[in-house]
Every structure is written in C-alpha cells, then in structure tokens.
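The next block holds one structure in the form of structure tokens; read it before the comments.
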Amino acid sequence: MYSAQEIERLLNENGFQLKQHTSLDDLNALYFMPKGREIPQSEIMKLEYFVVATSP
C-alpha cells in the first residue's frame with residue numbers, strides 16, 4: 001500500500017498535482033457518521049483511496 005506521500009510523489013513524477021487524497025475513513029466521518037450510519041471499522045478496507053489530481 002502506498003502512503004499519502006508516495007502517491008503524491010508518483011503523481012508529481014508523472015506531471016500531475018495532487019488536489020485531494022481521501023480514504024473511506026474520511027468519507028465515513030464526513031458523510032455517514034453525522035447521519036447515524038457509520039460504517040464499522042471492520043468493514044473498511046484500508047486499501048481504498050480516492051484521489052483528485054490535475055495536470056498543467
């Protein structure tokens with residue numbers, strides 16, 4: 001699994017700039033917990049990430 005720094009470096013090496021790096025943990029806290037629909041930690045795969053990157 002890549003760390004956030006490794007993902008950013010990989011994107012930079014290929015001409016992209018990282019704008020957002022989000023995991024399911026982040027989305028859980030932002031969207032599901034406030035609605036009382038928290039995803040249990042046992043059901044969250046730590047391999048799932050969402051990135052937004054831009055190119056010049």
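To be explicit about the labels: the chains of the structure tokens are called A, B, and onward in the order shown, and within each one the residues are counted from 1, while ligands get numbers from 1 in the order they are shown.
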
**OP:** Can you pull out every residue within 8 Å of range 47-54 of chain A, counting only C-alpha atoms, but drop anything in the same chain fewer than 6 positions away, and send it as number ranges by chain?
**Re:** A: 1, 11, 16-24

Subject >> Picked from chain A by DSSP as helix (DSSP H, G or I), as a ChimeraX atom specification >> reply: /A:4-13,24-35,41-43

Could you dump the residues just selected with N, CA, C and O atoms as a compact mmCIF listing (two decimals), in the first residue's frame?
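Just written: result-v6.txt:
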# COMPACT_ATOMS: atom_id res chain seq x y z
N ALA A 4 0.37 8.40 1.67
CA ALA A 4 -0.09 9.63 1.02
C ALA A 4 1.07 10.35 0.32
O ALA A 4 0.92 10.87 -0.78
N GLN A 5 2.24 10.34 0.96
CA GLN A 5 3.42 10.99 0.38
C GLN A 5 3.88 10.27 -0.88
O GLN A 5 4.29 10.91 -1.86
N GLU A 6 3.82 8.94 -0.88
CA GLU A 6 4.24 8.18 -2.06
C GLU A 6 3.29 8.40 -3.23
O GLU A 6 3.73 8.52 -4.38
N ILE A 7 2.01 8.49 -2.95
CA ILE A 7 1.03 8.75 -4.01
C ILE A 7 1.27 10.13 -4.61
O ILE A 7 1.30 10.29 -5.83
N GLU A 8 1.49 11.11 -3.75
CA GLU A 8 1.75 12.46 -4.24
C GLU A 8 3.02 12.51 -5.08
O GLU A 8 3.06 13.11 -6.15
N ARG A 9 4.08 11.84 -4.62
CA ARG A 9 5.34 11.82 -5.37
C ARG A 9 5.15 11.14 -6.73
O ARG A 9 5.62 11.63 -7.76
N LEU A 10 4.43 10.02 -6.75
CA LEU A 10 4.17 9.31 -8.00
C LEU A 10 3.41 10.18 -9.00
O LEU A 10 3.75 10.26 -10.18
N LEU A 11 2.40 10.87 -8.50
CA LEU A 11 1.64 11.77 -9.37
C LEU A 11 2.52 12.90 -9.88
O LEU A 11 2.49 13.23 -11.08
N ASN A 12 3.33 13.50 -8.99
CA ASN A 12 4.23 14.59 -9.40
C ASN A 12 5.22 14.14 -10.45
O ASN A 12 5.49 14.86 -11.41
N GLU A 13 5.77 12.94 -10.30
CA GLU A 13 6.74 12.40 -11.26
C GLU A 13 6.12 12.22 -12.64
O GLU A 13 6.84 12.20 -13.64
N LEU A 24 -11.81 5.94 2.74
CA LEU A 24 -13.16 5.63 3.19
C LEU A 24 -13.35 6.05 4.65
O LEU A 24 -14.44 6.44 5.05
N ASP A 25 -12.27 6.01 5.44
CA ASP A 25 -12.34 6.52 6.82
C ASP A 25 -12.78 7.99 6.83
O ASP A 25 -13.61 8.39 7.63
N ASP A 26 -12.18 8.78 5.94
CA ASP A 26 -12.53 10.20 5.85
C ASP A 26 -13.99 10.38 5.45
O ASP A 26 -14.71 11.20 6.02
N LEU A 27 -14.43 9.63 4.45
CA LEU A 27 -15.81 9.74 3.99
C LEU A 27 -16.79 9.27 5.06
O LEU A 27 -17.88 9.84 5.20
N ASN A 28 -16.39 8.25 5.80
CA ASN A 28 -17.22 7.74 6.89
C ASN A 28 -17.49 8.85 7.90
O ASN A 28 -18.63 9.09 8.30
N ALA A 29 -16.42 9.52 8.31
CA ALA A 29 -16.55 10.59 9.30
C ALA A 29 -17.32 11.79 8.75
O ALA A 29 -18.10 12.42 9.46
N LEU A 30 -17.14 12.09 7.48
CA LEU A 30 -17.74 13.27 6.87
C LEU A 30 -19.22 13.08 6.53
O LEU A 30 -20.03 13.98 6.74
N TYR A 31 -19.57 11.90 6.00
CA TYR A 31 -20.92 11.71 5.49
C TYR A 31 -21.78 10.72 6.28
O TYR A 31 -22.97 10.94 6.45
N PHE A 32 -21.21 9.61 6.68
CA PHE A 32 -22.01 8.55 7.29
C PHE A 32 -22.26 8.75 8.79
O PHE A 32 -23.37 8.57 9.27
N MET A 33 -21.22 9.09 9.54
CA MET A 33 -21.36 9.27 10.99
C MET A 33 -22.41 10.33 11.36
O MET A 33 -23.23 10.09 12.23
N PRO A 34 -22.39 11.50 10.70
CA PRO A 34 -23.37 12.52 11.06
C PRO A 34 -24.82 12.07 10.83
O PRO A 34 -25.73 12.59 11.45
N LYS A 35 -25.03 11.11 9.96
CA LYS A 35 -26.38 10.60 9.68
C LYS A 35 -26.72 9.36 10.49
O LYS A 35 -27.75 8.74 10.29
N GLN A 41 -15.44 -0.14 11.45
CA GLN A 41 -14.04 -0.23 11.05
C GLN A 41 -13.70 -1.60 10.48
O GLN A 41 -12.86 -1.71 9.59
N SER A 42 -14.36 -2.64 10.95
CA SER A 42 -14.09 -4.00 10.47
C SER A 42 -14.52 -4.19 9.01
O SER A 42 -14.11 -5.15 8.37
N GLU A 43 -15.33 -3.26 8.49
CA GLU A 43 -15.81 -3.36 7.11
C GLU A 43 -15.14 -2.38 6.16
O GLU A 43 -15.49 -2.32 4.98

**OP:** Could you please write out, as a PyMOL selection string, every residue of chain A that DSSP assigns to strand (DSSP E)?
**Re:** chain A and resi 17-23+49-54

Only all heavy atoms, please: the residues just picked out, written as a CSV table (one decimal), in the first residue's frame.
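Saved the output as out-v4.csv:
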chain,number,residue,atom,x,y,z
A,17,GLN,N,-0.6,17.1,-10.2
A,17,GLN,CA,-0.6,17.8,-8.9
A,17,GLN,C,-1.7,17.2,-8.1
A,17,GLN,O,-2.9,17.3,-8.5
A,17,GLN,CB,-0.6,19.3,-9.0
A,17,GLN,CG,-0.5,20.0,-7.7
A,17,GLN,CD,-0.6,21.5,-7.8
A,17,GLN,OE1,-0.9,22.0,-8.9
A,17,GLN,NE2,-0.3,22.2,-6.7
A,18,LEU,N,-1.4,16.7,-6.9
A,18,LEU,CA,-2.5,16.2,-6.1
A,18,LEU,C,-3.3,17.3,-5.5
A,18,LEU,O,-2.8,18.2,-4.9
A,18,LEU,CB,-1.8,15.4,-4.9
A,18,LEU,CG,-2.8,14.7,-3.9
A,18,LEU,CD1,-3.6,13.6,-4.6
A,18,LEU,CD2,-2.0,14.1,-2.8
A,19,LYS,N,-4.6,17.2,-5.6
A,19,LYS,CA,-5.5,18.2,-5.0
A,19,LYS,C,-6.2,17.7,-3.8
A,19,LYS,O,-6.5,18.4,-2.9
A,19,LYS,CB,-6.6,18.6,-6.1
A,19,LYS,CG,-6.0,19.3,-7.3
A,19,LYS,CD,-5.4,20.7,-6.8
A,19,LYS,CE,-4.9,21.5,-8.0
A,19,LYS,NZ,-4.3,22.7,-7.7
A,20,GLN,N,-6.6,16.4,-3.8
A,20,GLN,CA,-7.3,15.8,-2.7
A,20,GLN,C,-7.0,14.3,-2.6
A,20,GLN,O,-6.9,13.6,-3.6
A,20,GLN,CB,-8.8,15.9,-3.0
A,20,GLN,CG,-9.7,15.4,-1.9
A,20,GLN,CD,-11.2,15.6,-2.3
A,20,GLN,OE1,-11.5,16.1,-3.3
A,20,GLN,NE2,-12.1,15.0,-1.5
A,21,HIS,N,-6.8,13.9,-1.4
A,21,HIS,CA,-6.5,12.5,-1.1
A,21,HIS,C,-7.4,12.0,0.0
A,21,HIS,O,-7.4,12.5,1.1
A,21,HIS,CB,-5.0,12.3,-0.6
A,21,HIS,CG,-4.6,10.9,-0.4
A,21,HIS,ND1,-4.6,10.4,0.9
A,21,HIS,CD2,-4.2,9.9,-1.2
A,21,HIS,CE1,-4.2,9.2,0.9
A,21,HIS,NE2,-3.9,8.9,-0.4
A,22,THR,N,-8.4,11.1,-0.3
A,22,THR,CA,-9.4,10.8,0.6
A,22,THR,C,-9.5,9.3,0.8
A,22,THR,O,-9.4,8.6,-0.2
A,22,THR,CB,-10.8,11.3,0.1
A,22,THR,OG1,-10.6,12.7,-0.2
A,22,THR,CG2,-11.9,11.1,1.1
A,23,SER,N,-9.7,8.8,2.0
A,23,SER,CA,-10.0,7.4,2.3
A,23,SER,C,-11.4,7.2,2.7
A,23,SER,O,-12.1,8.1,3.0
A,23,SER,CB,-9.0,6.9,3.4
A,23,SER,OG,-9.4,7.5,4.6
A,49,TYR,N,-8.7,4.3,-1.6
A,49,TYR,CA,-8.4,5.7,-1.6
A,49,TYR,C,-9.0,6.3,-2.8
A,49,TYR,O,-9.2,5.7,-3.8
A,49,TYR,CB,-6.9,6.0,-1.6
A,49,TYR,CG,-6.3,5.7,-0.3
A,49,TYR,CD1,-5.7,4.5,0.0
A,49,TYR,CD2,-6.3,6.6,0.7
A,49,TYR,CE1,-5.1,4.2,1.2
A,49,TYR,CE2,-5.7,6.4,2.0
A,49,TYR,CZ,-5.1,5.2,2.2
A,49,TYR,OH,-4.5,4.9,3.4
A,50,PHE,N,-9.3,7.6,-2.7
A,50,PHE,CA,-9.8,8.4,-3.8
A,50,PHE,C,-8.9,9.6,-3.9
A,50,PHE,O,-8.7,10.3,-2.9
A,50,PHE,CB,-11.3,8.8,-3.5
A,50,PHE,CG,-11.9,9.7,-4.5
A,50,PHE,CD1,-12.3,9.3,-5.7
A,50,PHE,CD2,-11.9,11.1,-4.2
A,50,PHE,CE1,-12.9,10.1,-6.6
A,50,PHE,CE2,-12.4,12.0,-5.2
A,50,PHE,CZ,-12.9,11.5,-6.4
A,51,VAL,N,-8.4,9.8,-5.1
A,51,VAL,CA,-7.5,11.0,-5.2
A,51,VAL,C,-8.1,11.8,-6.4
A,51,VAL,O,-8.7,11.3,-7.3
A,51,VAL,CB,-6.1,10.6,-5.5
A,51,VAL,CG1,-5.4,9.9,-4.3
A,51,VAL,CG2,-5.9,9.8,-6.8
A,52,VAL,N,-7.8,13.1,-6.3
A,52,VAL,CA,-8.1,14.1,-7.3
A,52,VAL,C,-6.8,14.7,-7.7
A,52,VAL,O,-6.1,15.2,-6.8
A,52,VAL,CB,-9.2,15.1,-6.9
A,52,VAL,CG1,-9.4,16.2,-8.0
A,52,VAL,CG2,-10.5,14.5,-6.6
A,53,ALA,N,-6.4,14.7,-8.9
A,53,ALA,CA,-5.2,15.3,-9.4
A,53,ALA,C,-5.4,16.1,-10.7
A,53,ALA,O,-6.4,15.8,-11.4
A,53,ALA,CB,-4.1,14.2,-9.6
A,54,THR,N,-4.6,17.1,-10.9
A,54,THR,CA,-4.8,17.9,-12.1
A,54,THR,C,-3.4,17.9,-12.8
A,54,THR,O,-2.4,17.6,-12.3
A,54,THR,CB,-5.1,19.4,-11.7
A,54,THR,OG1,-4.1,19.9,-10.9
A,54,THR,CG2,-6.5,19.5,-11.1
